>>> print(open('model26.txt').read())   # compact mmCIF, C-alpha atoms and all ligand atoms
# COMPACT_ATOMS: atom_id res chain seq x y z
CA MET A 1 48.21 53.47 -22.89
CA LYS A 2 49.86 51.22 -20.37
CA PRO A 3 48.66 50.75 -16.81
CA PRO A 4 50.57 52.18 -13.86
CA LYS A 5 52.85 49.73 -12.00
CA PHE A 6 51.24 47.25 -9.64
CA ASP A 7 52.20 44.15 -7.69
CA TYR A 8 50.66 41.01 -9.18
CA HIS A 9 49.38 38.02 -7.22
CA ALA A 10 47.77 34.87 -8.58
CA PRO A 11 46.37 32.94 -5.61
CA THR A 12 44.87 29.48 -6.08
CA THR A 13 42.34 29.60 -3.22
CA VAL A 14 39.72 32.09 -2.10
CA ASP A 15 41.23 32.23 1.41
CA GLU A 16 44.59 33.22 -0.04
CA ALA A 17 42.93 35.90 -2.21
CA VAL A 18 41.02 37.33 0.77
CA ALA A 19 44.20 37.42 2.87
CA LEU A 20 46.01 39.30 0.07
CA LEU A 21 43.21 41.86 -0.17
CA GLY A 22 43.36 42.30 3.61
CA ARG A 23 47.10 42.77 3.50
CA TYR A 24 46.82 45.69 1.04
CA GLY A 25 44.09 47.32 3.18
CA GLY A 26 41.89 48.56 0.34
CA ASP A 27 44.73 49.35 -2.08
CA ALA A 28 44.39 46.13 -4.12
CA LYS A 29 41.92 45.24 -6.86
CA VAL A 30 40.55 41.87 -7.81
CA LEU A 31 41.15 40.89 -11.45
CA ALA A 32 38.46 38.68 -13.01
CA GLY A 33 37.92 38.85 -16.80
CA GLY A 34 39.66 42.24 -16.97
CA GLN A 35 37.13 43.58 -19.50
CA SER A 36 36.28 46.59 -17.34
CA LEU A 37 39.28 46.73 -15.01
CA MET A 38 42.03 46.76 -17.66
CA PRO A 39 40.60 49.78 -19.54
CA LEU A 40 40.30 51.58 -16.18
CA LEU A 41 43.97 50.83 -15.45
CA ASN A 42 45.12 51.71 -18.95
CA PHE A 43 43.36 55.07 -18.79
CA ARG A 44 44.82 55.49 -15.28
CA LEU A 45 41.37 55.98 -13.81
CA SER A 46 42.33 53.36 -11.21
CA ARG A 47 45.81 53.01 -9.66
CA PRO A 48 45.77 50.08 -7.25
CA ALA A 49 49.03 49.03 -5.58
CA ALA A 50 48.25 45.39 -6.44
CA LEU A 51 46.08 43.12 -8.55
CA VAL A 52 44.78 39.88 -7.04
CA ASP A 53 44.06 37.68 -10.05
CA LEU A 54 41.21 35.18 -9.51
CA ASN A 55 41.82 33.30 -12.77
CA ARG A 56 43.77 30.47 -11.11
CA ILE A 57 41.12 29.77 -8.48
CA ALA A 58 39.45 26.77 -10.11
CA ALA A 59 36.89 26.56 -7.27
CA LEU A 60 35.31 29.83 -8.46
CA ALA A 61 34.38 28.56 -11.94
CA TYR A 62 31.26 26.38 -11.82
CA LEU A 63 27.63 26.36 -12.72
CA ARG A 64 25.19 23.95 -11.07
CA GLU A 65 21.57 23.46 -10.09
CA GLU A 66 20.85 23.27 -6.35
CA ASN A 67 17.55 23.45 -4.47
CA GLY A 68 15.58 25.34 -7.10
CA HIS A 69 18.45 27.70 -7.90
CA LEU A 70 21.27 27.94 -10.38
CA ALA A 71 24.52 28.68 -8.60
CA PHE A 72 27.28 30.37 -10.61
CA GLY A 73 30.84 30.59 -9.32
CA ALA A 74 31.96 34.21 -9.69
CA MET A 75 34.55 33.29 -12.36
CA THR A 76 32.01 31.61 -14.64
CA ARG A 77 32.55 33.24 -18.04
CA GLN A 78 29.63 35.01 -19.67
CA ARG A 79 30.23 32.85 -22.75
CA THR A 80 29.80 29.67 -20.67
CA ILE A 81 26.42 30.99 -19.54
CA GLU A 82 25.41 31.96 -23.07
CA PHE A 83 26.03 28.45 -24.43
CA SER A 84 25.04 26.33 -21.41
CA PRO A 85 22.13 23.94 -22.12
CA LEU A 86 21.37 23.95 -18.37
CA VAL A 87 21.00 27.74 -18.26
CA ALA A 88 19.00 27.68 -21.51
CA SER A 89 16.48 25.28 -19.99
CA ARG A 90 16.36 26.60 -16.41
CA LEU A 91 17.05 30.31 -16.75
CA PRO A 92 16.49 31.44 -20.35
CA LEU A 93 16.15 35.10 -19.27
CA LEU A 94 19.84 35.05 -18.32
CA VAL A 95 20.85 33.68 -21.73
CA GLU A 96 18.87 36.41 -23.48
CA ALA A 97 20.42 39.07 -21.24
CA THR A 98 23.92 37.68 -21.86
CA ARG A 99 23.61 38.14 -25.62
CA TRP A 100 23.37 41.90 -24.99
CA VAL A 101 26.70 42.00 -23.11
CA GLY A 102 29.32 43.52 -25.42
CA HIS A 103 30.55 41.11 -28.10
CA LEU A 104 31.52 37.43 -28.07
CA PRO A 105 35.26 38.02 -27.42
CA ILE A 106 34.35 40.19 -24.42
CA ARG A 107 31.96 37.53 -23.14
CA SER A 108 34.69 34.88 -23.55
CA ARG A 109 36.73 36.62 -20.84
CA GLY A 110 34.11 38.57 -18.85
CA THR A 111 32.67 36.84 -15.80
CA ILE A 112 29.30 36.95 -14.07
CA GLY A 113 30.95 37.90 -10.79
CA GLY A 114 32.97 40.69 -12.41
CA SER A 115 29.94 42.17 -14.11
CA ILE A 116 27.93 42.25 -10.88
CA ALA A 117 30.83 43.46 -8.69
CA HIS A 118 31.63 46.21 -11.21
CA ALA A 119 28.02 47.49 -10.85
CA ASP A 120 27.85 49.43 -14.08
CA PRO A 121 24.32 50.91 -14.00
CA SER A 122 23.76 49.93 -17.65
CA ALA A 123 24.91 46.32 -17.26
CA GLU A 124 22.47 43.50 -17.91
CA TYR A 125 23.37 41.01 -15.13
CA PRO A 126 22.63 43.39 -12.25
CA ALA A 127 19.15 43.99 -13.73
CA VAL A 128 18.51 40.23 -13.92
CA LEU A 129 19.75 39.79 -10.33
CA ALA A 130 17.30 42.48 -9.19
CA ALA A 131 14.37 41.19 -11.27
CA LEU A 132 14.69 37.61 -10.05
CA ASP A 133 15.45 38.39 -6.38
CA GLY A 134 18.80 36.67 -6.79
CA GLN A 135 21.55 36.71 -4.21
CA VAL A 136 25.31 36.92 -4.14
CA ARG A 137 27.67 35.29 -1.69
CA VAL A 138 30.72 37.24 -0.63
CA ARG A 139 33.70 36.20 1.47
CA GLY A 140 36.06 38.40 3.45
CA GLU A 141 38.38 38.16 6.42
CA ARG A 142 35.41 38.24 8.82
CA GLY A 143 33.58 35.39 7.07
CA GLU A 144 30.80 34.97 4.53
CA ARG A 145 27.71 37.12 3.80
CA THR A 146 24.75 36.70 1.46
CA LEU A 147 23.36 39.85 -0.15
CA LYS A 148 20.31 40.69 -2.25
CA ALA A 149 20.60 43.14 -5.15
CA SER A 150 19.10 45.92 -3.02
CA GLU A 151 21.77 45.32 -0.37
CA LEU A 152 24.63 45.10 -2.86
CA PHE A 153 24.19 47.98 -5.32
CA GLN A 154 24.67 51.42 -3.77
CA THR A 155 25.21 53.84 -6.67
CA TYR A 156 27.15 54.15 -9.96
CA LEU A 157 29.97 51.54 -9.96
CA THR A 158 29.66 51.21 -6.18
CA THR A 159 28.64 48.21 -4.09
CA SER A 160 28.58 47.37 -0.41
CA LEU A 161 31.52 44.95 -0.88
CA GLN A 162 34.27 45.73 1.62
CA PRO A 163 37.87 46.12 0.35
CA ASP A 164 38.82 42.64 1.63
CA GLU A 165 35.69 40.94 0.23
CA ILE A 166 35.38 38.80 -2.89
CA LEU A 167 32.10 38.01 -4.56
CA THR A 168 32.23 34.21 -4.75
CA GLU A 169 28.83 33.06 -6.03
CA VAL A 170 25.69 34.32 -7.77
CA ARG A 171 22.43 32.48 -7.06
CA LEU A 172 19.34 32.87 -9.24
CA PRO A 173 16.04 30.98 -8.86
CA VAL A 174 15.16 28.65 -11.74
CA THR A 175 12.24 29.72 -13.91
CA PRO A 176 8.91 28.36 -12.62
CA ALA A 177 6.36 26.52 -14.78
CA GLY A 178 4.04 28.87 -16.67
CA ALA A 179 6.67 31.59 -16.97
CA GLY A 180 7.62 33.73 -19.93
CA HIS A 181 10.58 36.08 -20.08
CA ALA A 182 12.18 38.80 -22.19
CA PHE A 183 15.13 41.16 -22.01
CA GLU A 184 14.62 44.29 -24.11
CA GLU A 185 17.34 46.84 -24.62
CA PHE A 186 18.16 49.91 -26.65
CA SER A 187 21.71 50.96 -27.47
CA ARG A 188 23.09 52.91 -30.41
CA ARG A 189 25.07 49.96 -31.78
CA HIS A 190 24.75 46.31 -30.87
CA GLY A 191 27.38 45.55 -28.23
CA ASP A 192 27.35 49.02 -26.70
CA PHE A 193 26.22 49.43 -23.13
CA ALA A 194 22.45 49.85 -22.85
CA ILE A 195 20.93 53.30 -22.85
CA VAL A 196 18.06 51.50 -21.15
CA GLY A 197 17.34 47.78 -20.74
CA VAL A 198 14.37 46.01 -19.13
CA ALA A 199 14.32 42.48 -17.74
CA ALA A 200 10.83 40.96 -17.54
CA MET A 201 9.31 37.73 -16.35
CA VAL A 202 5.62 36.85 -15.90
CA VAL A 203 4.15 33.66 -14.48
CA LEU A 204 0.67 32.93 -15.78
CA GLU A 205 -1.99 30.65 -14.27
CA GLY A 206 -4.82 30.54 -16.80
CA ALA A 207 -5.94 34.15 -17.28
CA ARG A 208 -4.28 35.20 -14.01
CA CYS A 209 -0.80 36.65 -13.64
CA ARG A 210 0.54 34.93 -10.53
CA GLU A 211 3.84 36.73 -10.55
CA ALA A 212 5.47 39.59 -12.46
CA ARG A 213 9.07 40.74 -12.30
CA LEU A 214 10.45 43.85 -13.92
CA ALA A 215 13.80 45.58 -13.45
CA THR A 216 15.77 48.17 -15.40
CA ALA A 217 19.34 48.71 -16.53
CA GLY A 218 20.47 52.25 -17.38
CA ALA A 219 17.45 54.02 -15.89
CA GLY A 220 19.21 55.09 -12.69
CA PRO A 221 22.45 54.66 -10.73
CA VAL A 222 21.48 51.09 -9.76
CA PRO A 223 19.07 48.52 -11.24
CA ILE A 224 15.51 49.54 -10.38
CA ARG A 225 12.86 47.00 -9.51
CA LEU A 226 9.53 48.23 -10.87
CA GLY A 227 7.35 46.90 -8.05
CA ALA A 228 4.33 49.17 -8.59
CA ALA A 229 4.19 48.16 -12.27
CA GLU A 230 4.40 44.48 -11.30
CA GLU A 231 1.45 44.99 -8.90
CA ILE A 232 -0.76 46.23 -11.76
CA LEU A 233 -0.18 42.99 -13.68
CA VAL A 234 -0.80 40.74 -10.68
CA ARG A 235 -4.00 42.65 -9.86
CA ASP A 236 -5.38 43.26 -13.37
CA GLY A 237 -3.85 40.46 -15.46
CA VAL A 238 -1.97 40.69 -18.72
CA GLY A 239 -4.58 42.07 -21.13
CA GLU A 240 -3.57 44.96 -23.40
CA ALA A 241 -4.87 47.68 -21.07
CA ALA A 242 -3.13 46.26 -18.00
CA MET A 243 0.17 45.86 -19.86
CA ALA A 244 -0.05 49.45 -21.15
CA ALA A 245 -0.83 50.69 -17.62
CA ALA A 246 2.12 48.73 -16.19
CA ALA A 247 4.44 50.13 -18.86
CA ALA A 248 3.25 53.70 -18.19
CA ARG A 249 3.79 53.18 -14.46
CA ALA A 250 7.30 51.83 -15.17
CA GLY A 251 8.17 55.12 -16.87
CA GLU A 252 6.96 57.02 -13.81
CA LEU A 253 8.95 54.90 -11.38
CA VAL A 254 12.38 55.83 -12.73
CA ASN A 255 14.20 59.14 -12.42
CA PRO A 256 17.29 58.74 -14.59
CA ASP A 257 20.09 61.28 -14.82
CA SER A 258 20.83 62.95 -18.16
CA ASP A 259 24.25 62.35 -19.70
CA ILE A 260 26.00 62.63 -23.07
CA HIS A 261 24.15 59.54 -24.34
CA ALA A 262 20.55 60.50 -23.51
CA SER A 263 18.41 62.93 -21.55
CA SER A 264 16.48 61.91 -18.47
CA ALA A 265 13.15 62.29 -20.34
CA TYR A 266 14.37 60.07 -23.18
CA ARG A 267 15.43 57.34 -20.75
CA ARG A 268 12.09 57.55 -18.95
CA ASN A 269 10.23 57.17 -22.22
CA LEU A 270 12.49 54.27 -23.22
CA THR A 271 11.70 52.59 -19.92
CA ARG A 272 8.00 52.76 -20.78
CA VAL A 273 8.47 51.57 -24.37
CA LEU A 274 10.86 48.73 -23.52
CA THR A 275 8.68 47.56 -20.61
CA ALA A 276 5.73 47.31 -23.01
CA ARG A 277 7.81 45.34 -25.52
CA ALA A 278 9.31 43.07 -22.88
CA LEU A 279 5.92 42.32 -21.36
CA ALA A 280 4.36 41.55 -24.75
CA ARG A 281 7.11 39.04 -25.53
CA ALA A 282 7.15 37.54 -22.04
CA VAL A 283 3.38 37.01 -22.07
CA ALA A 284 3.45 35.48 -25.58
CA ARG A 285 6.17 33.05 -24.43
CA ALA A 286 4.26 32.12 -21.28
CA ARG A 287 1.17 31.39 -23.41
CA SER A 288 2.99 29.23 -25.94
CA PRO A 289 6.11 27.75 -24.33
CA ARG A 290 8.43 25.97 -26.75
C1 LIG A 301 33.80 47.08 -25.59
C2 LIG A 301 33.12 46.58 -24.35
C3 LIG A 301 31.74 46.50 -24.32
C4 LIG A 301 31.09 46.05 -23.17
N1 LIG A 301 29.71 46.01 -23.17
C5 LIG A 301 29.08 45.58 -22.07
C6 LIG A 301 27.66 45.51 -22.04
O1 LIG A 301 26.97 45.82 -23.01
N2 LIG A 301 27.07 45.08 -20.89
C7 LIG A 301 27.81 44.72 -19.79
O2 LIG A 301 27.22 44.33 -18.78
N3 LIG A 301 29.14 44.76 -19.80
C8 LIG A 301 29.80 45.18 -20.90
N4 LIG A 301 31.16 45.23 -20.90
C9 LIG A 301 31.89 44.88 -19.66
C10 LIG A 301 32.12 43.38 -19.58
O3 LIG A 301 30.94 42.67 -19.59
C11 LIG A 301 32.87 42.95 -18.33
O4 LIG A 301 32.98 41.57 -18.44
C12 LIG A 301 32.27 43.21 -16.96
O5 LIG A 301 31.87 44.52 -16.76
C13 LIG A 301 33.31 42.96 -15.87
O6 LIG A 301 33.58 41.61 -15.79
P1 LIG A 301 35.06 41.11 -15.76
O7 LIG A 301 34.97 39.69 -15.36
O8 LIG A 301 35.76 41.44 -17.01
O9 LIG A 301 35.67 41.94 -14.48
P2 LIG A 301 36.98 42.81 -14.36
O10 LIG A 301 37.07 43.80 -15.44
O11 LIG A 301 38.14 41.94 -14.10
O12 LIG A 301 36.61 43.56 -12.97
C14 LIG A 301 35.66 44.59 -12.95
C15 LIG A 301 35.58 45.15 -11.51
O13 LIG A 301 34.95 44.22 -10.63
C16 LIG A 301 35.87 43.80 -9.59
N5 LIG A 301 35.67 42.36 -9.45
C17 LIG A 301 35.70 41.45 -10.46
N6 LIG A 301 35.39 40.22 -9.99
C18 LIG A 301 35.18 40.37 -8.66
C19 LIG A 301 34.82 39.45 -7.63
N7 LIG A 301 34.60 38.15 -7.89
N8 LIG A 301 34.71 39.94 -6.37
C20 LIG A 301 34.91 41.25 -6.11
N9 LIG A 301 35.23 42.17 -7.05
C21 LIG A 301 35.37 41.73 -8.30
C22 LIG A 301 37.26 44.20 -10.08
O14 LIG A 301 38.14 44.45 -9.00
C23 LIG A 301 36.95 45.46 -10.88
O15 LIG A 301 36.81 46.56 -10.02
C24 LIG A 301 31.85 45.67 -22.03
C25 LIG A 301 33.24 45.72 -22.06
C26 LIG A 301 33.89 46.16 -23.21
C27 LIG A 301 35.39 46.20 -23.22
>>> encode(input="model26.txt", output="structure tokens")
Amino acid sequence: MKPPKFDYHAPTTVDEAVALLGRYGGDAKVLAGGQSLMPLLNFRLSRPAALVDLNRIAALAYLREENGHLAFGAMTRQRTIEFSPLVASRLPLLVEATRWVGHLPIRSRGTIGGSIAHADPSAEYPAVLAALDGQVRVRGERGERTLKASELFQTYLTTSLQPDEILTEVRLPVTPAGAGHAFEEFSRRHGDFAIVGVAAMVVLEGARCREARLATAGAGPVPIRLGAAEEILVRDGVGEAAMAAAAARAGELVNPDSDIHASSAYRRNLTRVLTARALARAVARARSPR
């Protein structure tokens, strides 16, 4: 199918893009990698009057380390992240999560900003943003805002971005010393969206677990931070019993909807199973870093 007619704009600065969005008053869509937007247009599930293409805004494609964070311009391609030596050394959880995003051709076009702004509940990047307490910067006609995952994601495919706002940057803290990570996911075929995914990071100090971070993809309308499961690990450590208790708690903390792919009960059980697997791998990595 072909998309409905739309005006097409290719600004070269963020200010120009924001002004265009403002001019259409909510009836324009931003085009990033097009991997989610173009199918929506082709199936006529979205009929914007205009597309504002960000692909010519060179200032939105970067990846750098700043003050203990990695900063990603919104138009940074998922493939760039997957193969970046800087991301591999500073934020290996993001590399592991990226490998679960569709297939390589999709990742060659898809962007980090597009994935997060699209807010698919099964997407990997939103789960990593939630797990790591990352932030996004957004710019609109009234200026700039910085949002945490809990302030950004509202429900299925819905964020708190205003119609004139563009997500410009994603900021994630670099992995601390003593950390281990894992991203576990289950989907029917590799490359499909997750039925459930779990992002995990633990920071060990001897036998103690100084920090634990767990968040889901696909276990609810938005990524869910599993705070009460993290607390078990910080209080009781990362022995077998504590990890099993944290995984069981993770299953209790989610209340997924049923759909054609899986029932609510199945997703809950997957959350428990994948949390256990992710924790086991994260702890093993923290104990024997490469
Ligand atoms: C076959 C297939 C399999 C896939 N599997 C997965 C998967 O397993 N996991 C996964 O996470 N994704 C998957 N995707 C989606 C893919 O990763 C997309 O890259 C991603 O969802 C959207 O990124 P994009 O850059 O292509 O954005 P686009 O498709 O261009 O835009 C998506 C939406 O976000 C908005 N948007 C984009 N950028 C911005 C911005 N900077 N500011 C404000 N709004 C913005 C657009 O207006 C649009 O509404 C799959 C896609 C396909 C086609």
>>> closest_residue(input="model26.txt", among="A:Ile232, A:Val138, A:Ala278, A:Ala119", to="Ala200 (chain A)", atoms="only C-alpha atoms")
A:Ala278
>>> closest_atom_pairs(input="model26.txt", of="chain A", to="ligand LIG 301 (chain A)", cutoff="6 Å", atoms="all atoms listed in the file", output="Markdown table")
| residue | atom | partner | partner_atom | distance |
| --- | --- | --- | --- | --- |
| A:Lys29 | CA | A:LIG301 | O14 | 4.4 |
| A:Val30 | CA | A:LIG301 | O14 | 3.7 |
| A:Leu31 | CA | A:LIG301 | O11 | 4.1 |
| A:Ala32 | CA | A:LIG301 | O11 | 3.5 |
| A:Gly33 | CA | A:LIG301 | O8 | 3.4 |
| A:Gly34 | CA | A:LIG301 | O11 | 3.3 |
| A:Gln35 | CA | A:LIG301 | O8 | 3.6 |
| A:Ser36 | CA | A:LIG301 | O10 | 3.5 |
| A:Leu37 | CA | A:LIG301 | O10 | 3.7 |
| A:Ala74 | CA | A:LIG301 | N7 | 5.1 |
| A:Trp100 | CA | A:LIG301 | O1 | 5.7 |
| A:Val101 | CA | A:LIG301 | C6 | 3.8 |
| A:Gly102 | CA | A:LIG301 | N1 | 3.4 |
| A:Gly110 | CA | A:LIG301 | O4 | 3.2 |
| A:Thr111 | CA | A:LIG301 | O7 | 3.7 |
| A:Gly113 | CA | A:LIG301 | N7 | 4.7 |
| A:Gly114 | CA | A:LIG301 | C17 | 3.4 |
| A:Ser115 | CA | A:LIG301 | C12 | 3.8 |
| A:Ala117 | CA | A:LIG301 | O13 | 4.6 |
| A:His118 | CA | A:LIG301 | O13 | 3.9 |
| A:Ala123 | CA | A:LIG301 | O2 | 3.4 |
| A:Glu124 | CA | A:LIG301 | O2 | 4.9 |
| A:Ile166 | CA | A:LIG301 | N8 | 3.7 |
| A:Leu167 | CA | A:LIG301 | N8 | 3.7 |
| A:Thr168 | CA | A:LIG301 | N7 | 5.6 |
| A:Gly191 | CA | A:LIG301 | O1 | 5.2 |
| A:Asp192 | CA | A:LIG301 | O1 | 4.9 |
| A:Phe193 | CA | A:LIG301 | O1 | 3.7 |
>>> atom_distance(input="model26.txt", atom1="CA of Asp257 (chain A)", atom2="CA of Ala212 (chain A)")
26.3 Å
>>> atom_distance(input="model26.txt", atom1="CA of Gly26 (chain A)", atom2="CA of Pro163 (chain A)")
4.7 Å
>>> atom_distance(input="model26.txt", atom1="CA of Arg99 (chain A)", atom2="CA of Arg56 (chain A)")
26.0 Å
>>> axis_aligned_box(input="model26.txt", around="region 89-95 of chain A", padding_each_side="5 Å", output="JSON")
{"center_x": 18.5, "center_y": 30.2, "center_z": -19.1, "size_x": 14.7, "size_y": 19.8, "size_z": 15.3}
>>> closest_residue(input="model26.txt", among="A:Leu104, A:Asn269, A:Thr13, A:Met201", to="Pro92 (chain A)", atoms="all atoms listed in the file")
A:Met201
>>> residues_around(input="model26.txt", residues="Val87 (chain A)", least_positions_apart="5", cutoff="12 Å", atoms="only C-alpha atoms", output="list in words")
Leu63, Arg64, Glu65, His69, Leu70, Ala71, Phe72, Gln78, Arg79, Thr80, Ile81, Glu82, Pro92, Leu93, Leu94, Val95, Glu96, Ala97, Thr98, Leu172, Pro173, Val174 and Thr175 of chain A
>>> closest_residue(input="model26.txt", among="A:Met1, A:Ala194, A:Val283, A:Val222", to="Arg208 (chain A)", atoms="all atoms listed in the file")
A:Val283
>>> closest_residue(input="model26.txt", among="A:Ala219, A:Val136, A:Ala242, A:Ala182", to="Pro121 (chain A)", atoms="all atoms listed in the file")
A:Ala219
>>> closest_residue(input="model26.txt", among="A:Arg77, A:Pro85, A:Ile260, A:Ala179", to="Ser108 (chain A)", atoms="all atoms listed in the file")
A:Arg77
>>> residues_around(input="model26.txt", residues="Glu211 (chain A)", least_positions_apart="4", cutoff="8 Å", atoms="all atoms listed in the file", output="JSON, numbers by chain")
{"A": [202, 203, 204, 230, 234]}
>>> closest_residue(input="model26.txt", among="A:Ala199, A:Ala61, A:Leu270, A:Val170", to="Val254 (chain A)", atoms="only C-alpha atoms")
A:Leu270
>>> build_atoms(input="model26.txt", residues="region 11-19 of chain A", atoms="all heavy atoms", output="PDB file, in the coordinates of the input")
ATOM      1  N   PRO A  11      46.662  33.988  -6.598  1.00  0.00           N
ATOM      2  CA  PRO A  11      46.370  32.940  -5.610  1.00  0.00           C
ATOM      3  C   PRO A  11      45.599  31.794  -6.244  1.00  0.00           C
ATOM      4  O   PRO A  11      44.983  31.960  -7.308  1.00  0.00           O
ATOM      5  CB  PRO A  11      45.521  33.667  -4.573  1.00  0.00           C
ATOM      6  CG  PRO A  11      44.884  34.792  -5.332  1.00  0.00           C
ATOM      7  CD  PRO A  11      45.878  35.206  -6.366  1.00  0.00           C
ATOM      8  N   THR A  12      45.614  30.634  -5.569  1.00  0.00           N
ATOM      9  CA  THR A  12      44.870  29.480  -6.080  1.00  0.00           C
ATOM     10  C   THR A  12      43.688  29.112  -5.182  1.00  0.00           C
ATOM     11  O   THR A  12      42.954  28.185  -5.494  1.00  0.00           O
ATOM     12  CB  THR A  12      45.797  28.257  -6.248  1.00  0.00           C
ATOM     13  OG1 THR A  12      46.458  28.030  -5.009  1.00  0.00           O
ATOM     14  CG2 THR A  12      46.822  28.476  -7.346  1.00  0.00           C
ATOM     15  N   THR A  13      43.519  29.836  -4.069  1.00  0.00           N
ATOM     16  CA  THR A  13      42.340  29.600  -3.220  1.00  0.00           C
ATOM     17  C   THR A  13      41.715  30.945  -2.851  1.00  0.00           C
ATOM     18  O   THR A  13      42.396  31.990  -2.855  1.00  0.00           O
ATOM     19  CB  THR A  13      42.713  28.868  -1.904  1.00  0.00           C
ATOM     20  OG1 THR A  13      43.522  29.761  -1.115  1.00  0.00           O
ATOM     21  CG2 THR A  13      43.460  27.573  -2.157  1.00  0.00           C
ATOM     22  N   VAL A  14      40.427  30.871  -2.493  1.00  0.00           N
ATOM     23  CA  VAL A  14      39.720  32.090  -2.100  1.00  0.00           C
ATOM     24  C   VAL A  14      40.317  32.641  -0.803  1.00  0.00           C
ATOM     25  O   VAL A  14      40.498  33.868  -0.655  1.00  0.00           O
ATOM     26  CB  VAL A  14      38.201  31.807  -1.932  1.00  0.00           C
ATOM     27  CG1 VAL A  14      37.479  33.029  -1.382  1.00  0.00           C
ATOM     28  CG2 VAL A  14      37.583  31.395  -3.262  1.00  0.00           C
ATOM     29  N   ASP A  15      40.660  31.762   0.140  1.00  0.00           N
ATOM     30  CA  ASP A  15      41.230  32.230   1.410  1.00  0.00           C
ATOM     31  C   ASP A  15      42.506  33.041   1.183  1.00  0.00           C
ATOM     32  O   ASP A  15      42.717  34.086   1.787  1.00  0.00           O
ATOM     33  CB  ASP A  15      41.545  31.034   2.330  1.00  0.00           C
ATOM     34  CG  ASP A  15      40.267  30.435   2.912  1.00  0.00           C
ATOM     35  OD1 ASP A  15      39.214  31.103   2.827  1.00  0.00           O
ATOM     36  OD2 ASP A  15      40.317  29.296   3.413  1.00  0.00           O
ATOM     37  N   GLU A  16      43.332  32.522   0.278  1.00  0.00           N
ATOM     38  CA  GLU A  16      44.590  33.220  -0.040  1.00  0.00           C
ATOM     39  C   GLU A  16      44.281  34.608  -0.645  1.00  0.00           C
ATOM     40  O   GLU A  16      44.918  35.602  -0.296  1.00  0.00           O
ATOM     41  CB  GLU A  16      45.322  32.364  -1.082  1.00  0.00           C
ATOM     42  CG  GLU A  16      46.815  32.264  -0.960  1.00  0.00           C
ATOM     43  CD  GLU A  16      47.361  31.469  -2.158  1.00  0.00           C
ATOM     44  OE1 GLU A  16      46.815  30.382  -2.491  1.00  0.00           O
ATOM     45  OE2 GLU A  16      48.292  31.957  -2.778  1.00  0.00           O
ATOM     46  N   ALA A  17      43.295  34.638  -1.541  1.00  0.00           N
ATOM     47  CA  ALA A  17      42.930  35.900  -2.210  1.00  0.00           C
ATOM     48  C   ALA A  17      42.419  36.915  -1.183  1.00  0.00           C
ATOM     49  O   ALA A  17      42.786  38.092  -1.208  1.00  0.00           O
ATOM     50  CB  ALA A  17      41.880  35.641  -3.284  1.00  0.00           C
ATOM     51  N   VAL A  18      41.575  36.444  -0.261  1.00  0.00           N
ATOM     52  CA  VAL A  18      41.020  37.330   0.770  1.00  0.00           C
ATOM     53  C   VAL A  18      42.146  37.868   1.654  1.00  0.00           C
ATOM     54  O   VAL A  18      42.191  39.062   1.983  1.00  0.00           O
ATOM     55  CB  VAL A  18      39.963  36.556   1.604  1.00  0.00           C
ATOM     56  CG1 VAL A  18      39.618  37.302   2.884  1.00  0.00           C
ATOM     57  CG2 VAL A  18      38.706  36.312   0.764  1.00  0.00           C
ATOM     58  N   ALA A  19      43.077  36.990   2.013  1.00  0.00           N
ATOM     59  CA  ALA A  19      44.200  37.420   2.870  1.00  0.00           C
ATOM     60  C   ALA A  19      45.030  38.483   2.145  1.00  0.00           C
ATOM     61  O   ALA A  19      45.458  39.477   2.748  1.00  0.00           O
ATOM     62  CB  ALA A  19      45.062  36.218   3.246  1.00  0.00           C
TER      63      ALA A  19
END
